[in-house]
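As structure tokens, the structure follows; a few thoughts come after it.
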2 protein chains.
Amino acid sequence: MKPINVGLLGFGTVGTGTAKVMIENGALIESRVGVPLVLKKIADLDTTTDRGVAIGPGVLTADAGGILNDPEIDIVIELIGGYEPARTFVLQAISNKKNVVTANKALLARHGNEIFAAAAKEGVEIAFEASVGGGIPLIHSIKEGLVANHVKTLLGILNGTANYILTRMADEGTSFEKALKEAQEKGYAEADPTFDVEGIDTAHKLAILIALSFGMPIELDAVHTEGISEITPFDMEFSRRFGYRIKLLAIAKDTADGVEARVHPTMIPAASMLANVKGSFNALRINGDMVGDILLYGRGAGMMPTGSAIVSDLVDVARNILHDAVGRVPAIGCQPEAVCDRRVKSVDELQTQYYFRFTAVDSPGVLSKIAGVLGAHGISVESVQQKGRVAKGNVPIVMITHEAREADVRKALTEIDNLPIVHGKTMLIRIEGEGD
Amino acid sequence: MKPINVGLLGFGTVGTGTAKVMIENGALIESRVGVPLVLKKIADLDTTTDRGVAIGPGVLTADAGGILNDPEIDIVIELIGGYEPARTFVLQAISNKKNVVTANKALLARHGNEIFAAAAKEGVEIAFEASVGGGIPLIHSIKEGLVANHVKTLLGILNGTANYILTRMADEGTSFEKALKEAQEKGYAEADPTFDVEGIDTAHKLAILIALSFGMPIELDAVHTEGISEITPFDMEFSRRFGYRIKLLAIAKDTADGVEARVHPTMIPAASMLANVKGSFNALRINGDMVGDILLYGRGAGMMPTGSAIVSDLVDVARNILHDAVGRVPAIGCQPEAVCDRRVKSVDELQTQYYFRFTAVDSPGVLSKIAGVLGAHGISVESVQQKGRVAKGNVPIVMITHEAREADVRKALTEIDNLPIVHGKTMLIRIEGEGD
């Protein structure tokens, strides 16, 4: 049988990892697929750097068009990243009837609906296992393993950089700034870490998972997104005392009146499996109506794990090509006509428990004033701790509330932050109490 | 398009769960597959008990032949369990060109090679996601998600009953007997718990996973198998002091000179993800050469989680039928001609660390005698604790060794157990030190 020809756009870290997996494990992959997967062409503007991969002469070119228009190429891998020219190249590959594999979560979160529609129209595959969770087969598990389930809840640690920083802060008591610097020195964080630490990358991934899990279009802008840069060692210490750990969580819930979609620092029980996901590892806990709780854990990034996921998609698509079964599993898991719009709830509608850190003057009556405002907004307090040290005449007061409504919480905090006895903005961390 | 017709053999707990998933989530499943999956017939000797599932009149019959010979049935689900008549029915379904879905690990571990060969010959699918890990998509993840990897190591908690018992023993300090009784009362353990507590069920599952992971035939008899019934609260307490937890682990390793395949109580670092898998949950840690460590966790048994896995297989097979792509993924993941015999190593060849509990008379010089025998066999001791209480004039001595060879350990223990100062058989627990 004819080999499957693959063209790769983007020969950076993940591109290099993908090429290594294809070449080093080529015989293994052939034993599984039945035919070889051949890396016919690689396009990258940098055609001179030695990536340490044994590609043949003439494979590497600066001309993406040579891949997009090569009639012998069956599958195009897009690993350029970002919006353009990735979007244009992906759409061009699709309109040239090529199947596409991509790891580009930013692209899919922003333009996925357009790309999925184009792929369905042209009758080609669009596969994106590597876009979420690196080497962990999250997307296959949701689309195929849990196909018989209504997904009810997703709780995910989907950004290794943020999780590395939070782990260092929890274990070593270091500040966010110091942990970030260390992450940058170790190569876990980029020079501009905004996407990772402000939750944007996690939101991209969550938007994709929500579409797959709930059978709806991708709605990135509906994901409420907060980052971890305001977390202090003090918050870490108090969350530990209360029996929690702080993680940057991607949270989605299917509720009777809409879908919750949010990314923010979250306090979760210290004994839970998710709380024990450390360093740069990722994990996703999925609750399905039939299967109950599932947790998938592994390396969410890195050259070889991501390459492993890209090649698993290549094999999947290659098997469909060989069996003339392209389109066997729809891009977001359900048939296009079954995709339905779901209302995404505003964060104001959220009902959950909260951790507050107030910075108040060190004088009697302060607690009573704060508690009074909370009470007036129907927010009841589960526990209070006030034993922190005084800094510049201020004392931190931390509280855990019972379940409250976010709209009420916001109103109460605005009022409290305007009290003369309160200095600076109050820190709010949401609590996700469900065990696993 | 025509619906896919399904026949179910065996209407017990898992059969009932499967029917519930198909009926309660029927619309969801149709939205994903594109056509309905219809449960056309169910065969069970008990045709009168109300299972609380809304099946139509005439669906339930005592006649398995009516399913096996129904030309309209596309997929047969075998949930009878055990060897016969399950084997005969499965082979008959295959020879009648029906695709088969089964949860029967005992059957596959013993007769899987025969069944896989028959399915390949007749050009039908044999799917068995539910046979290992209940609702966790372990088999799909190995066969498809990690398809680009040489699997190097499997470490699994694959029996919920045994894990429930060990969790109770660890958390409450109860004896094996008491924890077993409690598991039986709660419905986690059967009246005859031998398969679960003696590691046999775990060995069945490991034998299947090894075939998939290493591309070799199933070799159940080569899996070294020990159970948990000899573990005492004393062992639990000491493992905790040494920083470990005891789990019944399924272990497979791909080494230069063969495959390790063993099931036995194992001490693993208390901080590892696997050590924190509690109660009746299951988990599998997989190390792949490209992806690194992956961990999959969830409910390894139960009516609905297992039903979820069965239906995921139905959907997979249905999609292949609809796209005329039956045989798209070979039963054990690689092409039949690529399956190769691998040498499975004897446990005597094992090199690992050990925990020993000796029962010796309470007199000076005992430790020196025991250590002397160990030293003579090249076994060096990492730490010793002797502070247990005296019972009937005997005192327990516990030790952790450095890495040693199992053949030497066995010789040394035989010698030690024959010393007049040692009473009773020495307890041995292997240690798996690799973190995760």
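In the structure tokens, chains take letters A, B, ... by order of appearance, with residues numbered from 1 within each chain and ligands from 1 in the order shown.
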_List as number ranges by chain the protein and nucleic acid residues near Ala318 (chain A), meaning an atom at most 10 Å away when only C-alpha atoms are counted, but skip any in the same chain fewer than 4 places from it._
A: 3-6, 33-37, 74-75, 99, 312-314, 322-326
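The part of chain B that reaches within 6 Å of chain A is made up of Ile29, Ser31, Arg32, Gly135, Pro137, Gly145, Val147, Ala148, Met290, Val291, Asp293, Ile294, Leu295, Leu296, Tyr297, Gly298, Met304, Pro305, Ser308, Ser312, His323, Ala325, Cys334, Gln335 and Ala338 of chain B, counting only C-alpha atoms.
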_Here is a test: counting only C-alpha atoms, which residue of A:Asp257, A:Glu198, A:Glu382, A:Glu125 is nearest to Val76 (chain A)?_
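With only C-alpha atoms as the atom set, the closest residue is A:Glu125.
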*Contacts of Gly82 (chain B) at 12 Å or less, counting only C-alpha atoms, minus same-chain residues fewer than 5 places along, as a VMD selection string?*
chain B and resid 10 87 to 90 102 to 111 195 201 204
Export N, CA and C atoms of the chosen residues as a short mmCIF file (atom, residue, chain, number, x, y, z; two decimals), in the first residue's frame?
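Dumped to result07.cif:
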```
data_model
loop_
_atom_site.label_atom_id
_atom_site.label_comp_id
_atom_site.auth_asym_id
_atom_site.auth_seq_id
_atom_site.Cartn_x
_atom_site.Cartn_y
_atom_site.Cartn_z
N GLY B 10 -26.24 -11.73 28.40
CA GLY B 10 -25.94 -11.56 29.84
C GLY B 10 -26.57 -10.28 30.36
N ARG B 87 -16.95 -18.26 25.84
CA ARG B 87 -16.02 -18.49 24.73
C ARG B 87 -16.73 -19.01 23.49
N THR B 88 -17.57 -20.02 23.70
CA THR B 88 -18.29 -20.62 22.58
C THR B 88 -19.17 -19.58 21.89
N PHE B 89 -19.87 -18.79 22.68
CA PHE B 89 -20.75 -17.77 22.10
C PHE B 89 -19.97 -16.71 21.32
N VAL B 90 -18.86 -16.26 21.90
CA VAL B 90 -18.05 -15.23 21.22
C VAL B 90 -17.53 -15.78 19.88
N THR B 102 -16.84 -7.03 24.46
CA THR B 102 -16.87 -7.82 25.69
C THR B 102 -16.16 -7.10 26.83
N ALA B 103 -16.58 -7.42 28.07
CA ALA B 103 -15.91 -6.91 29.26
C ALA B 103 -15.19 -8.04 29.98
N ASN B 104 -15.08 -9.19 29.31
CA ASN B 104 -14.67 -10.43 29.98
C ASN B 104 -13.14 -10.60 30.00
N LYS B 105 -12.52 -10.09 31.04
CA LYS B 105 -11.05 -10.15 31.12
C LYS B 105 -10.55 -11.56 31.33
N ALA B 106 -11.29 -12.37 32.10
CA ALA B 106 -10.85 -13.75 32.32
C ALA B 106 -10.81 -14.49 30.98
N LEU B 107 -11.86 -14.30 30.19
CA LEU B 107 -11.93 -14.96 28.88
C LEU B 107 -10.78 -14.50 27.97
N LEU B 108 -10.55 -13.19 27.92
CA LEU B 108 -9.50 -12.68 27.01
C LEU B 108 -8.12 -13.07 27.49
N ALA B 109 -7.92 -13.05 28.82
CA ALA B 109 -6.60 -13.41 29.34
C ALA B 109 -6.26 -14.86 29.01
N ARG B 110 -7.28 -15.72 28.99
CA ARG B 110 -7.05 -17.15 28.75
C ARG B 110 -7.17 -17.49 27.26
N HIS B 111 -8.16 -16.93 26.57
CA HIS B 111 -8.45 -17.35 25.19
C HIS B 111 -8.37 -16.19 24.19
N PHE B 195 -10.44 -14.29 43.48
CA PHE B 195 -9.94 -13.63 42.27
C PHE B 195 -9.44 -12.21 42.55
N ASP B 201 -7.52 -11.54 39.27
CA ASP B 201 -8.23 -10.60 38.40
C ASP B 201 -7.27 -9.53 37.86
N HIS B 204 -5.18 -11.07 35.11
CA HIS B 204 -5.93 -11.13 33.84
C HIS B 204 -5.82 -9.80 33.09
#
```
*Just list the residues in region 174-354 of chain A DSSP gives strand (DSSP E) on the backbone, as number ranges by chain.*
A: 224-225, 244-255, 258-269, 281-288, 292-299, 351-354
*Could you check which of A:Ile421, A:Leu8, A:Met1, A:Ile379 is closest to Thr359 (chain A), using only C-alpha atoms?*
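For Thr359 (chain A), the nearest of the candidates is A:Ile421.
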_Long-range neighbours of Thr167 (chain B) as number ranges by chain, 6 Å cut-off, only C-alpha atoms, 3 positions minimum in chain_ = B: 163-164, 170-171, 278-279
For the residues selected in the previous step, produce a file with N, CA and C atoms as a PDB file, in the first residue's frame.
```
ATOM      1  N   ASN B 163      -8.007  -2.703  46.366  1.00  0.00           N
ATOM      2  CA  ASN B 163      -7.585  -1.353  46.753  1.00  0.00           C
ATOM      3  C   ASN B 163      -8.442  -0.799  47.883  1.00  0.00           C
ATOM      4  N   TYR B 164      -9.719  -1.165  47.874  1.00  0.00           N
ATOM      5  CA  TYR B 164     -10.595  -0.751  48.973  1.00  0.00           C
ATOM      6  C   TYR B 164     -10.089  -1.351  50.291  1.00  0.00           C
ATOM      7  N   ALA B 170      -4.913   0.749  55.653  1.00  0.00           N
ATOM      8  CA  ALA B 170      -3.954   1.849  55.835  1.00  0.00           C
ATOM      9  C   ALA B 170      -4.570   2.975  56.675  1.00  0.00           C
ATOM     10  N   ASP B 171      -5.823   3.306  56.404  1.00  0.00           N
ATOM     11  CA  ASP B 171      -6.425   4.470  57.056  1.00  0.00           C
ATOM     12  C   ASP B 171      -6.927   4.153  58.457  1.00  0.00           C
ATOM     13  N   LYS B 278      -7.394   5.944  46.185  1.00  0.00           N
ATOM     14  CA  LYS B 278      -7.998   5.382  47.390  1.00  0.00           C
ATOM     15  C   LYS B 278      -9.305   4.666  47.115  1.00  0.00           C
ATOM     16  N   GLY B 279      -9.707   3.859  48.083  1.00  0.00           N
ATOM     17  CA  GLY B 279     -10.991   3.167  47.998  1.00  0.00           C
ATOM     18  C   GLY B 279     -11.051   2.266  46.780  1.00  0.00           C
TER      19      GLY B 279
END
```
*asked:* Using Å and a single decimal, report how far CA of Val151 (chain A) sits from CA of Asn159 (chain B).
replied: 25.1 Å
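Comparing the minimum interatomic distances between Ile321 (chain B) and each of B:Thr266, B:Thr13, B:Ile73, B:Arg168, counting only C-alpha atoms, we find that B:Ile73 sits nearest.
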Exercise: Ala43 (chain A) partners within 9 Å, only C-alpha atoms, chain neighbours under 4 positions left out, as a PDB file with N, CA and C atoms, in the first residue's frame:
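For reference, around-v9.pdb as written:
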```
ATOM      1  N   GLY A   7       3.133  16.774   5.415  1.00  0.00           N
ATOM      2  CA  GLY A   7       3.875  18.028   5.317  1.00  0.00           C
ATOM      3  C   GLY A   7       3.774  18.783   6.626  1.00  0.00           C
ATOM      4  N   LEU A   8       4.890  19.326   7.076  1.00  0.00           N
ATOM      5  CA  LEU A   8       4.921  19.994   8.384  1.00  0.00           C
ATOM      6  C   LEU A   8       5.185  21.487   8.200  1.00  0.00           C
ATOM      7  N   LEU A   9       4.302  22.311   8.740  1.00  0.00           N
ATOM      8  CA  LEU A   9       4.493  23.769   8.726  1.00  0.00           C
ATOM      9  C   LEU A   9       4.958  24.204  10.108  1.00  0.00           C
ATOM     10  N   GLY A  10       6.193  24.682  10.213  1.00  0.00           N
ATOM     11  CA  GLY A  10       6.700  25.142  11.510  1.00  0.00           C
ATOM     12  C   GLY A  10       7.672  24.137  12.097  1.00  0.00           C
ATOM     13  N   PHE A  11       8.962  24.503  12.126  1.00  0.00           N
ATOM     14  CA  PHE A  11       9.994  23.565  12.577  1.00  0.00           C
ATOM     15  C   PHE A  11      10.665  24.123  13.826  1.00  0.00           C
ATOM     16  N   THR A  47      15.803  27.940   7.654  1.00  0.00           N
ATOM     17  CA  THR A  47      16.150  26.682   6.984  1.00  0.00           C
ATOM     18  C   THR A  47      17.591  26.256   7.265  1.00  0.00           C
ATOM     19  N   VAL A  59      14.178  18.205   2.182  1.00  0.00           N
ATOM     20  CA  VAL A  59      12.910  18.149   2.913  1.00  0.00           C
ATOM     21  C   VAL A  59      12.552  19.520   3.480  1.00  0.00           C
ATOM     22  N   LEU A  60      13.544  20.198   4.038  1.00  0.00           N
ATOM     23  CA  LEU A  60      13.282  21.498   4.675  1.00  0.00           C
ATOM     24  C   LEU A  60      13.311  22.623   3.647  1.00  0.00           C
ATOM     25  N   THR A  61      12.254  23.434   3.648  1.00  0.00           N
ATOM     26  CA  THR A  61      12.116  24.529   2.692  1.00  0.00           C
ATOM     27  C   THR A  61      11.533  25.747   3.399  1.00  0.00           C
ATOM     28  N   ALA A  62      11.706  26.925   2.811  1.00  0.00           N
ATOM     29  CA  ALA A  62      11.083  28.121   3.387  1.00  0.00           C
ATOM     30  C   ALA A  62       9.699  28.352   2.791  1.00  0.00           C
ATOM     31  N   ASP A  63       9.293  27.496   1.876  1.00  0.00           N
ATOM     32  CA  ASP A  63       8.086  27.747   1.098  1.00  0.00           C
ATOM     33  C   ASP A  63       6.902  26.904   1.573  1.00  0.00           C
ATOM     34  N   ALA A  64       6.019  27.509   2.378  1.00  0.00           N
ATOM     35  CA  ALA A  64       4.835  26.793   2.858  1.00  0.00           C
ATOM     36  C   ALA A  64       3.937  26.383   1.696  1.00  0.00           C
ATOM     37  N   GLY A  65       3.899  27.223   0.674  1.00  0.00           N
ATOM     38  CA  GLY A  65       3.055  26.921  -0.487  1.00  0.00           C
ATOM     39  C   GLY A  65       3.402  25.590  -1.127  1.00  0.00           C
ATOM     40  N   GLY A  66       4.687  25.234  -1.076  1.00  0.00           N
ATOM     41  CA  GLY A  66       5.116  23.960  -1.639  1.00  0.00           C
ATOM     42  C   GLY A  66       4.483  22.770  -0.935  1.00  0.00           C
ATOM     43  N   ILE A  67       4.100  22.959   0.313  1.00  0.00           N
ATOM     44  CA  ILE A  67       3.384  21.903   1.042  1.00  0.00           C
ATOM     45  C   ILE A  67       1.885  21.993   0.759  1.00  0.00           C
TER      46      ILE A  67
END
```
*Quick one: pull the distance between CA of Lys247 (chain B) and CA of Phe176 (chain B), Å, one decimal.*
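So the answer is 13.1 Å.
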_9 Å contact set for Gly424 (chain A), only C-alpha atoms, chain neighbours under 6 positions out, as a list of chain:residue names_ =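 Contacts, in chain order: A:Phe358, A:Thr359, A:Ala360, A:Asp417.
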